[in-house]
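Here the structure comes first, spelled out in structure tokens, and everything after it is commentary.
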Amino acid sequence: MEAADLEYRARTQSGCLSPRLVSQLLELGHAGAVEFWAGRGEWFCAREWARLLGERGRQAEALKVLAPYVATGWWKAAEAMAELLEAHDRADDAIALVRPHAEGGERLALGFFARLLARHGRGDEAFDLLRPHIEDWYLAEPLVDIAGSTGRHEEAAELLAHRIENTPHCCNSPSCGGRDVKPFNAINLLATIRERQGRVDDAIALLHTRKTTSINNRDQLADLLARHDRIEELRAYAMTEYHGHAAQRLAELLEEHSDVEGAVAVYRQAGMASIAGGNMAVHLAKLLARHDRHGEAIEVMRTLADAPGGAEDWIVDTLCNLYADQGRPQDGLAYLDDLKTRRGKEEWELFWIRLPLMAACDRIDEAVEQARAHAEGGTPYAAAHIARLLAGRTEEAIAVLEQHAPTHHHDLAEYLIDLGRIEDAVAVLHQHIPQEPVQWTGSWGDKPPF
């Protein structure tokens, strides 16, 4: 084993038994196979087997499983062993194991190491370790968390405020919002500190100055207002936040307060004002369905799908799922037939939506036949849908996927494991290891071809 190879396989989950497949093995009673492959370079098997041994009080055996991986110098293996050691009251050993990785410049290790120190009464040491790395957004987060446990919130706040105040505007104008603050999450983190200090108004004011309002489809200001039940302020903010994430949080909050009609009204209004009107309609439909208002939910999605340009695959799929959940798959098929007539054709991006509906009508063989006869029925992406139809007929599903094994090796391995053909599954996975992208070493130019 080599650290670089382990890192690549773990990061891409390629050429190996993935966490999902390891879970499948255990669920099917193949713990012996997990143990076997843990000793043969399958990292996710080793990690899970070590965890299970630790839970059973067999810590020495668990550490032995991880030891060959740790010996490669790979950080993720050291992290797993450190977590195991800490869980069994061996924090000093965990610290000693992680320290060389942190001091060697491994960024992930540094964040882990600092949190480990803080959990075991060495918060000041952890804070001082991270302080020089305040420009790094990843390390600034644990610094802020550790500051709370060490009583150094204000010191962390001063570090962040200094970064914010001393970043120049890119256009030399005070009104310009184009500042490249480092860390990029400095305002968000400073607001987190102010909220923890009980200075909620200051936190709100800070978050109103952000250039980027949403991260991973969540809005920190909306979440803060919701946490403090400041509904009217959240409502006002939702009126101006054009991504729709504040409106979503407001609707969630109203639903939590049993004000379903208020939540419905928020989604309807946001659907007209937000740049993500389709998303708001889907959220609205799911809200209505949760409250047994299925007819209204279907009407919302029908209106969206029938609007000019609205019949996108994800919208039509949501509509057909609502029909299926209501035990009306035939109505979903009727809608697809009507859409096909209007368009004059049915490309695969919409055709595949009819397959589970046909299966729900006990028309699996017909669905498979139509899928294979489709102009795109011989493609790898079609094979995945056909195999899914044949999920209860595993041998047939395997035969379909084997024709496109390089593309569907994970799915193929899953079906093979279902049949107990574990060695065949591993062989399939090992045959299809993507290569690392070649790093460009030539010179760049600004004239075609780029």
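Ligands are numbered from 1 in the order shown, chains are lettered A, B, ... in the order of the structure tokens, and residues start at 1 in each chain.
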Original post:
Which residues, written as a PyMOL selection string, have at least one atom at most 12 Å from Ala413 in chain A, with only C-alpha atoms counted and residues fewer than 6 positions away on the same chain left out?
Top reply: chain A and resi 14-18+20-22+24-25+394+397-398+401-402+405-407+419-432
Write a file of the selected residues as a compact mmCIF listing (two decimals), in the first residue's frame, keeping N, CA, C and O atoms.
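Dumped everything to again.txt:
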# COMPACT_ATOMS: atom_id res chain seq x y z
N SER A 14 -13.15 4.98 -5.96
CA SER A 14 -13.03 4.18 -7.17
C SER A 14 -11.99 3.10 -6.96
O SER A 14 -11.03 3.26 -6.19
N GLY A 15 -12.17 1.97 -7.63
CA GLY A 15 -11.23 0.87 -7.54
C GLY A 15 -11.19 0.22 -6.17
O GLY A 15 -10.20 -0.41 -5.82
N CYS A 16 -12.27 0.37 -5.41
CA CYS A 16 -12.29 -0.17 -4.05
C CYS A 16 -13.73 -0.43 -3.62
O CYS A 16 -14.68 0.00 -4.27
N LEU A 17 -13.86 -1.16 -2.52
CA LEU A 17 -15.17 -1.34 -1.90
C LEU A 17 -15.54 -0.05 -1.18
O LEU A 17 -14.90 0.33 -0.20
N SER A 18 -16.54 0.63 -1.68
CA SER A 18 -16.95 1.92 -1.12
C SER A 18 -17.66 1.72 0.21
O SER A 18 -18.06 0.60 0.57
N ARG A 20 -20.65 2.41 0.97
CA ARG A 20 -21.98 1.84 0.72
C ARG A 20 -21.90 0.33 0.53
O ARG A 20 -22.74 -0.42 1.06
N LEU A 21 -20.89 -0.15 -0.19
CA LEU A 21 -20.76 -1.58 -0.42
C LEU A 21 -20.33 -2.30 0.86
O LEU A 21 -20.76 -3.44 1.11
N VAL A 22 -19.50 -1.67 1.67
CA VAL A 22 -19.12 -2.27 2.94
C VAL A 22 -20.34 -2.43 3.84
O VAL A 22 -20.54 -3.48 4.47
N GLN A 24 -23.37 -2.76 2.82
CA GLN A 24 -24.17 -3.82 2.22
C GLN A 24 -23.64 -5.20 2.64
O GLN A 24 -24.43 -6.10 2.97
N LEU A 25 -22.33 -5.36 2.63
CA LEU A 25 -21.74 -6.64 3.05
C LEU A 25 -22.15 -6.98 4.48
O LEU A 25 -22.53 -8.12 4.77
N THR A 394 -32.02 -10.26 -10.31
CA THR A 394 -30.64 -9.81 -10.20
C THR A 394 -29.76 -10.29 -11.34
O THR A 394 -28.93 -9.52 -11.85
N ALA A 397 -30.30 -8.12 -14.28
CA ALA A 397 -29.74 -6.78 -14.06
C ALA A 397 -28.24 -6.81 -14.26
O ALA A 397 -27.65 -5.90 -14.87
N ILE A 398 -27.59 -7.86 -13.77
CA ILE A 398 -26.14 -7.99 -13.94
C ILE A 398 -25.78 -8.09 -15.41
O ILE A 398 -24.82 -7.44 -15.88
N LEU A 401 -25.80 -4.63 -16.94
CA LEU A 401 -24.71 -3.76 -16.51
C LEU A 401 -23.36 -4.23 -17.02
O LEU A 401 -22.46 -3.42 -17.23
N GLU A 402 -23.20 -5.54 -17.20
CA GLU A 402 -21.92 -6.06 -17.67
C GLU A 402 -21.55 -5.53 -19.05
O GLU A 402 -20.36 -5.45 -19.39
N ALA A 405 -19.71 -2.23 -18.11
CA ALA A 405 -19.05 -2.40 -16.81
C ALA A 405 -18.16 -1.22 -16.42
O ALA A 405 -18.15 -0.82 -15.25
N PRO A 406 -17.38 -0.65 -17.33
CA PRO A 406 -16.52 0.47 -16.90
C PRO A 406 -17.30 1.62 -16.29
O PRO A 406 -16.83 2.28 -15.37
N THR A 407 -18.51 1.85 -16.81
CA THR A 407 -19.31 2.97 -16.32
C THR A 407 -20.06 2.63 -15.05
O THR A 407 -20.20 3.46 -14.15
N LEU A 419 -25.82 -11.45 -4.70
CA LEU A 419 -25.81 -12.89 -5.00
C LEU A 419 -24.73 -13.63 -4.23
O LEU A 419 -24.55 -14.84 -4.42
N GLY A 420 -24.00 -12.91 -3.38
CA GLY A 420 -22.94 -13.55 -2.62
C GLY A 420 -21.65 -13.73 -3.39
O GLY A 420 -20.72 -14.40 -2.91
N ARG A 421 -21.55 -13.13 -4.56
CA ARG A 421 -20.35 -13.26 -5.40
C ARG A 421 -19.37 -12.13 -5.06
O ARG A 421 -19.10 -11.24 -5.86
N ILE A 422 -18.83 -12.19 -3.88
CA ILE A 422 -18.04 -11.07 -3.36
C ILE A 422 -16.72 -10.92 -4.10
O ILE A 422 -16.29 -9.81 -4.44
N GLU A 423 -16.02 -12.04 -4.34
CA GLU A 423 -14.73 -11.95 -5.04
C GLU A 423 -14.92 -11.40 -6.45
O GLU A 423 -14.08 -10.63 -6.94
N ASP A 424 -16.02 -11.78 -7.10
CA ASP A 424 -16.30 -11.23 -8.44
C ASP A 424 -16.55 -9.73 -8.35
O ASP A 424 -16.11 -8.97 -9.22
N ALA A 425 -17.24 -9.31 -7.31
CA ALA A 425 -17.51 -7.87 -7.13
C ALA A 425 -16.22 -7.09 -6.96
O ALA A 425 -16.01 -6.04 -7.59
N VAL A 426 -15.32 -7.60 -6.11
CA VAL A 426 -14.05 -6.91 -5.89
C VAL A 426 -13.22 -6.89 -7.17
O VAL A 426 -12.58 -5.88 -7.49
N ALA A 427 -13.25 -7.99 -7.93
CA ALA A 427 -12.50 -8.05 -9.19
C ALA A 427 -13.00 -6.99 -10.16
O ALA A 427 -12.21 -6.32 -10.84
N VAL A 428 -14.30 -6.82 -10.23
CA VAL A 428 -14.88 -5.79 -11.11
C VAL A 428 -14.40 -4.41 -10.68
O VAL A 428 -14.00 -3.58 -11.52
N LEU A 429 -14.42 -4.14 -9.40
CA LEU A 429 -13.99 -2.83 -8.90
C LEU A 429 -12.52 -2.59 -9.19
O LEU A 429 -12.13 -1.49 -9.58
N HIS A 430 -11.69 -3.59 -9.00
CA HIS A 430 -10.25 -3.43 -9.21
C HIS A 430 -9.88 -3.28 -10.68
O HIS A 430 -8.80 -2.76 -11.00
N GLN A 431 -10.76 -3.72 -11.57
CA GLN A 431 -10.49 -3.59 -13.00
C GLN A 431 -10.72 -2.17 -13.51
O GLN A 431 -10.28 -1.82 -14.60
N HIS A 432 -11.42 -1.38 -12.73
CA HIS A 432 -11.84 -0.06 -13.22
C HIS A 432 -11.39 1.03 -12.25
O HIS A 432 -12.18 1.59 -11.50
Subject >> Near-range 67-71 of chain A list (12 Å; only C-alpha atoms; drop same-chain fewer than 6 positions) as an MDAnalysis selection string >> reply: chainID A and resid 1:7 38:47 50 60:61 77:82 84 97:98 101
Original post:
Which distance in Å separates CA of Arg249 in chain A and CA of Ala226 in chain A, to one decimal?
Top reply: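 Value for the CA of Arg249 in chain A-CA of Ala226 in chain A distance: 7.3 Å.
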Subject >> Polymer residues at most 10 Å from Glu376 in chain A, only C-alpha atoms, same-chain spacing of 3 or more positions, as number ranges by chain >> reply: A: 347-349, 351, 371-373, 379-383
Original post:
If you measure from CA of Met301 in chain A to CA of Leu319 in chain A, what distance in Å do you get, rounded to one decimal?
Top reply: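 Taking CA of Met301 in chain A and CA of Leu319 in chain A, their separation equals 5.5 Å.
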Original post:
If you count only C-alpha atoms, which residues fall within 12 Å of Glu232 in chain A, apart from same-chain ones fewer than 4 positions away, as a PyMOL selection string?
Top reply: chain A and resi 222+225-226+228+236-239+247+250+253-254
What would the file look like if the residues just selected were written as a compact mmCIF listing (two decimals), in the first residue's frame with all heavy atoms?
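result05.txt written:
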# COMPACT_ATOMS: atom_id res chain seq x y z
N ALA A 222 -30.54 34.02 7.81
CA ALA A 222 -31.89 33.46 7.94
C ALA A 222 -31.94 32.46 9.08
O ALA A 222 -32.90 32.44 9.88
CB ALA A 222 -32.30 32.79 6.62
N LEU A 225 -31.88 34.39 12.46
CA LEU A 225 -33.17 35.01 12.77
C LEU A 225 -34.19 33.96 13.20
O LEU A 225 -34.99 34.18 14.11
CB LEU A 225 -33.68 35.79 11.55
CG LEU A 225 -32.85 37.02 11.17
CD1 LEU A 225 -33.29 37.56 9.82
CD2 LEU A 225 -32.98 38.11 12.24
N ALA A 226 -34.14 32.80 12.56
CA ALA A 226 -35.07 31.73 12.91
C ALA A 226 -34.78 31.19 14.31
O ALA A 226 -35.70 30.93 15.10
CB ALA A 226 -34.99 30.61 11.88
N HIS A 228 -33.68 32.71 16.80
CA HIS A 228 -34.11 33.67 17.83
C HIS A 228 -35.57 34.09 17.63
O HIS A 228 -36.02 35.06 18.24
CB HIS A 228 -33.18 34.88 17.83
CG HIS A 228 -31.77 34.51 18.24
ND1 HIS A 228 -31.38 34.44 19.56
CD2 HIS A 228 -30.69 34.15 17.51
CE1 HIS A 228 -30.11 34.06 19.62
NE2 HIS A 228 -29.66 33.89 18.38
N ALA A 236 -38.98 40.12 6.43
CA ALA A 236 -38.49 41.28 5.67
C ALA A 236 -37.24 40.90 4.87
O ALA A 236 -37.08 41.31 3.72
CB ALA A 236 -38.19 42.43 6.62
N TYR A 237 -36.37 40.12 5.48
CA TYR A 237 -35.15 39.69 4.78
C TYR A 237 -35.49 38.79 3.61
O TYR A 237 -34.90 38.90 2.53
CB TYR A 237 -34.22 38.99 5.76
CG TYR A 237 -32.96 38.44 5.13
CD1 TYR A 237 -32.15 39.25 4.34
CD2 TYR A 237 -32.56 37.13 5.34
CE1 TYR A 237 -30.99 38.75 3.76
CE2 TYR A 237 -31.40 36.63 4.77
CZ TYR A 237 -30.63 37.44 3.97
OH TYR A 237 -29.49 36.95 3.39
N ALA A 238 -36.46 37.90 3.79
CA ALA A 238 -36.85 36.99 2.72
C ALA A 238 -37.38 37.74 1.50
O ALA A 238 -37.26 37.25 0.37
CB ALA A 238 -37.92 36.01 3.23
N MET A 239 -37.92 38.92 1.72
CA MET A 239 -38.44 39.72 0.60
C MET A 239 -37.32 40.23 -0.30
O MET A 239 -37.56 40.53 -1.47
CB MET A 239 -39.24 40.91 1.14
CG MET A 239 -40.51 40.51 1.88
SD MET A 239 -41.80 39.93 0.77
CE MET A 239 -42.24 41.47 -0.04
N ALA A 247 -36.47 32.65 2.28
CA ALA A 247 -37.89 32.31 2.21
C ALA A 247 -38.11 30.86 2.62
O ALA A 247 -39.08 30.54 3.33
CB ALA A 247 -38.41 32.54 0.79
N LEU A 250 -37.92 30.70 6.34
CA LEU A 250 -39.11 31.28 6.93
C LEU A 250 -40.28 30.29 6.86
O LEU A 250 -41.02 30.10 7.84
CB LEU A 250 -39.47 32.58 6.21
CG LEU A 250 -40.80 33.23 6.60
CD1 LEU A 250 -40.82 33.58 8.08
CD2 LEU A 250 -41.05 34.48 5.74
N LEU A 253 -39.85 27.58 9.37
CA LEU A 253 -40.13 28.06 10.72
C LEU A 253 -41.63 28.14 10.95
O LEU A 253 -42.14 27.74 12.01
CB LEU A 253 -39.48 29.41 10.94
CG LEU A 253 -39.62 30.04 12.33
CD1 LEU A 253 -38.98 29.14 13.40
CD2 LEU A 253 -39.00 31.43 12.36
N LEU A 254 -42.36 28.67 9.97
CA LEU A 254 -43.82 28.78 10.10
C LEU A 254 -44.45 27.39 10.21
O LEU A 254 -45.38 27.19 11.00
CB LEU A 254 -44.39 29.56 8.91
CG LEU A 254 -44.02 31.04 8.86
CD1 LEU A 254 -44.46 31.65 7.54
CD2 LEU A 254 -44.63 31.80 10.04
Original post:
Expressed in Å to a single decimal, how great is the separation between CA of Arg210 in chain A and CA of Glu241 in chain A?
Top reply: 12.0 Å
**OP:** Find, counting only C-alpha atoms, the residue in A:Lys64, A:Arg199, A:Arg131, A:Arg56 that gets nearest to Ala114 in chain A.
**Re:**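 That would be A:Arg131, the residue with the smallest distance to Ala114 in chain A.
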**OP:** Find the spatial neighbours of Gln220 in chain A, counting only C-alpha atoms, within a cut-off of 12 Å - ignore same-chain residues fewer than 2 positions away - and output them as a ChimeraX atom specification.
**Re:** /A:185,187-192,195,203-204,206-208,210,212-218,222-227,234,237,245-246,249
Pull N, CA and C atoms from the residues just selected and write them as a short mmCIF file (atom, residue, chain, number, x, y, z; two decimals), in the first residue's frame.
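Wrote it out as out.cif, contents follow:
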data_model
loop_
_atom_site.label_atom_id
_atom_site.label_comp_id
_atom_site.auth_asym_id
_atom_site.auth_seq_id
_atom_site.Cartn_x
_atom_site.Cartn_y
_atom_site.Cartn_z
N ASN A 185 -14.76 33.50 4.87
CA ASN A 185 -15.87 33.38 5.82
C ASN A 185 -15.65 34.22 7.08
N ILE A 187 -16.56 37.28 7.92
CA ILE A 187 -17.76 37.96 8.44
C ILE A 187 -18.69 36.94 9.09
N ASN A 188 -18.86 35.80 8.46
CA ASN A 188 -19.73 34.76 9.02
C ASN A 188 -19.21 34.29 10.38
N LEU A 189 -17.90 34.11 10.48
CA LEU A 189 -17.32 33.63 11.74
C LEU A 189 -17.40 34.69 12.83
N LEU A 190 -17.18 35.94 12.45
CA LEU A 190 -17.29 37.01 13.43
C LEU A 190 -18.73 37.12 13.93
N ALA A 191 -19.68 36.93 13.03
CA ALA A 191 -21.09 36.95 13.43
C ALA A 191 -21.40 35.79 14.37
N THR A 192 -20.78 34.65 14.13
CA THR A 192 -20.96 33.50 15.01
C THR A 192 -20.49 33.83 16.42
N GLU A 195 -22.95 36.23 18.13
CA GLU A 195 -24.16 35.54 18.59
C GLU A 195 -23.88 34.76 19.86
N ALA A 203 -24.49 40.66 15.42
CA ALA A 203 -24.32 39.56 14.47
C ALA A 203 -25.19 39.79 13.24
N ILE A 204 -26.42 40.23 13.45
CA ILE A 204 -27.33 40.50 12.33
C ILE A 204 -26.77 41.62 11.44
N LEU A 206 -23.71 42.52 11.04
CA LEU A 206 -22.55 42.00 10.30
C LEU A 206 -22.98 41.20 9.08
N LEU A 207 -23.94 40.30 9.27
CA LEU A 207 -24.35 39.42 8.19
C LEU A 207 -25.03 40.17 7.05
N HIS A 208 -25.56 41.33 7.36
CA HIS A 208 -26.14 42.16 6.30
C HIS A 208 -25.07 42.76 5.40
N ARG A 210 -22.48 41.00 4.12
CA ARG A 210 -21.81 39.95 3.33
C ARG A 210 -21.95 40.18 1.83
N THR A 212 -21.41 37.36 -0.21
CA THR A 212 -22.05 36.08 -0.54
C THR A 212 -22.98 35.72 0.60
N THR A 213 -24.27 35.57 0.30
CA THR A 213 -25.24 35.35 1.37
C THR A 213 -25.46 33.88 1.68
N SER A 214 -25.35 33.00 0.69
CA SER A 214 -25.68 31.60 0.90
C SER A 214 -24.49 30.70 0.63
N ILE A 215 -24.32 29.70 1.49
CA ILE A 215 -23.30 28.69 1.32
C ILE A 215 -23.97 27.33 1.47
N ASN A 216 -23.79 26.49 0.47
CA ASN A 216 -24.42 25.15 0.48
C ASN A 216 -25.93 25.25 0.68
N ASN A 217 -26.53 26.23 0.01
CA ASN A 217 -27.99 26.40 0.01
C ASN A 217 -28.56 26.74 1.39
N ARG A 218 -27.72 27.24 2.27
CA ARG A 218 -28.20 27.73 3.55
C ARG A 218 -27.73 29.16 3.74
N ALA A 222 -30.54 34.02 7.81
CA ALA A 222 -31.89 33.46 7.94
C ALA A 222 -31.94 32.46 9.08
N ASP A 223 -30.92 31.62 9.20
CA ASP A 223 -30.90 30.63 10.28
C ASP A 223 -30.81 31.31 11.65
N LEU A 224 -30.00 32.38 11.73
CA LEU A 224 -29.87 33.11 12.99
C LEU A 224 -31.21 33.73 13.40
N LEU A 225 -31.88 34.39 12.46
CA LEU A 225 -33.17 35.01 12.77
C LEU A 225 -34.19 33.96 13.20
N ALA A 226 -34.14 32.80 12.56
CA ALA A 226 -35.07 31.73 12.91
C ALA A 226 -34.78 31.19 14.31
N ARG A 227 -33.49 31.03 14.63
CA ARG A 227 -33.12 30.52 15.96
C ARG A 227 -33.64 31.41 17.07
N LEU A 234 -37.11 38.14 9.72
CA LEU A 234 -36.85 37.11 8.71
C LEU A 234 -37.76 37.29 7.51
N TYR A 237 -36.37 40.12 5.48
CA TYR A 237 -35.15 39.69 4.78
C TYR A 237 -35.49 38.79 3.61
N HIS A 245 -33.38 31.24 -0.29
CA HIS A 245 -33.02 30.44 0.88
C HIS A 245 -33.61 31.02 2.17
N ALA A 246 -33.72 32.33 2.24
CA ALA A 246 -34.34 32.94 3.42
C ALA A 246 -35.83 32.63 3.44
N ARG A 249 -36.29 29.14 4.72
CA ARG A 249 -36.14 29.03 6.17
C ARG A 249 -37.35 29.61 6.88
#
**OP:** If you run DSSP over the backbone, which residues in range 75-242 of chain A end up helix (DSSP H, G or I)? Put them as an NGL selection string.
**Re:** :A and (75-87 or 91-103 or 107-119 or 123-133 or 137-150 or 153-165 or 186-196 or 200-207 or 220-227 or 231-240)
Original post:
Contacts of range 267-283 of chain A at 12 Å or less, counting only C-alpha atoms, minus same-chain residues fewer than 3 places along, as a ChimeraX atom specification?
Top reply: /A:217,235,237-252,254-255,260-264,286-290,296-305,307,309-319,321-322
Subject >> Using only C-alpha atoms: which of A:Leu52, A:Ala102, A:Ala205, A:Leu336 has the shortest distance to Leu26 in chain A >> reply: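 Comparing A:Leu52, A:Ala102, A:Ala205, A:Leu336 against Leu26 in chain A, the winner is A:Leu52.
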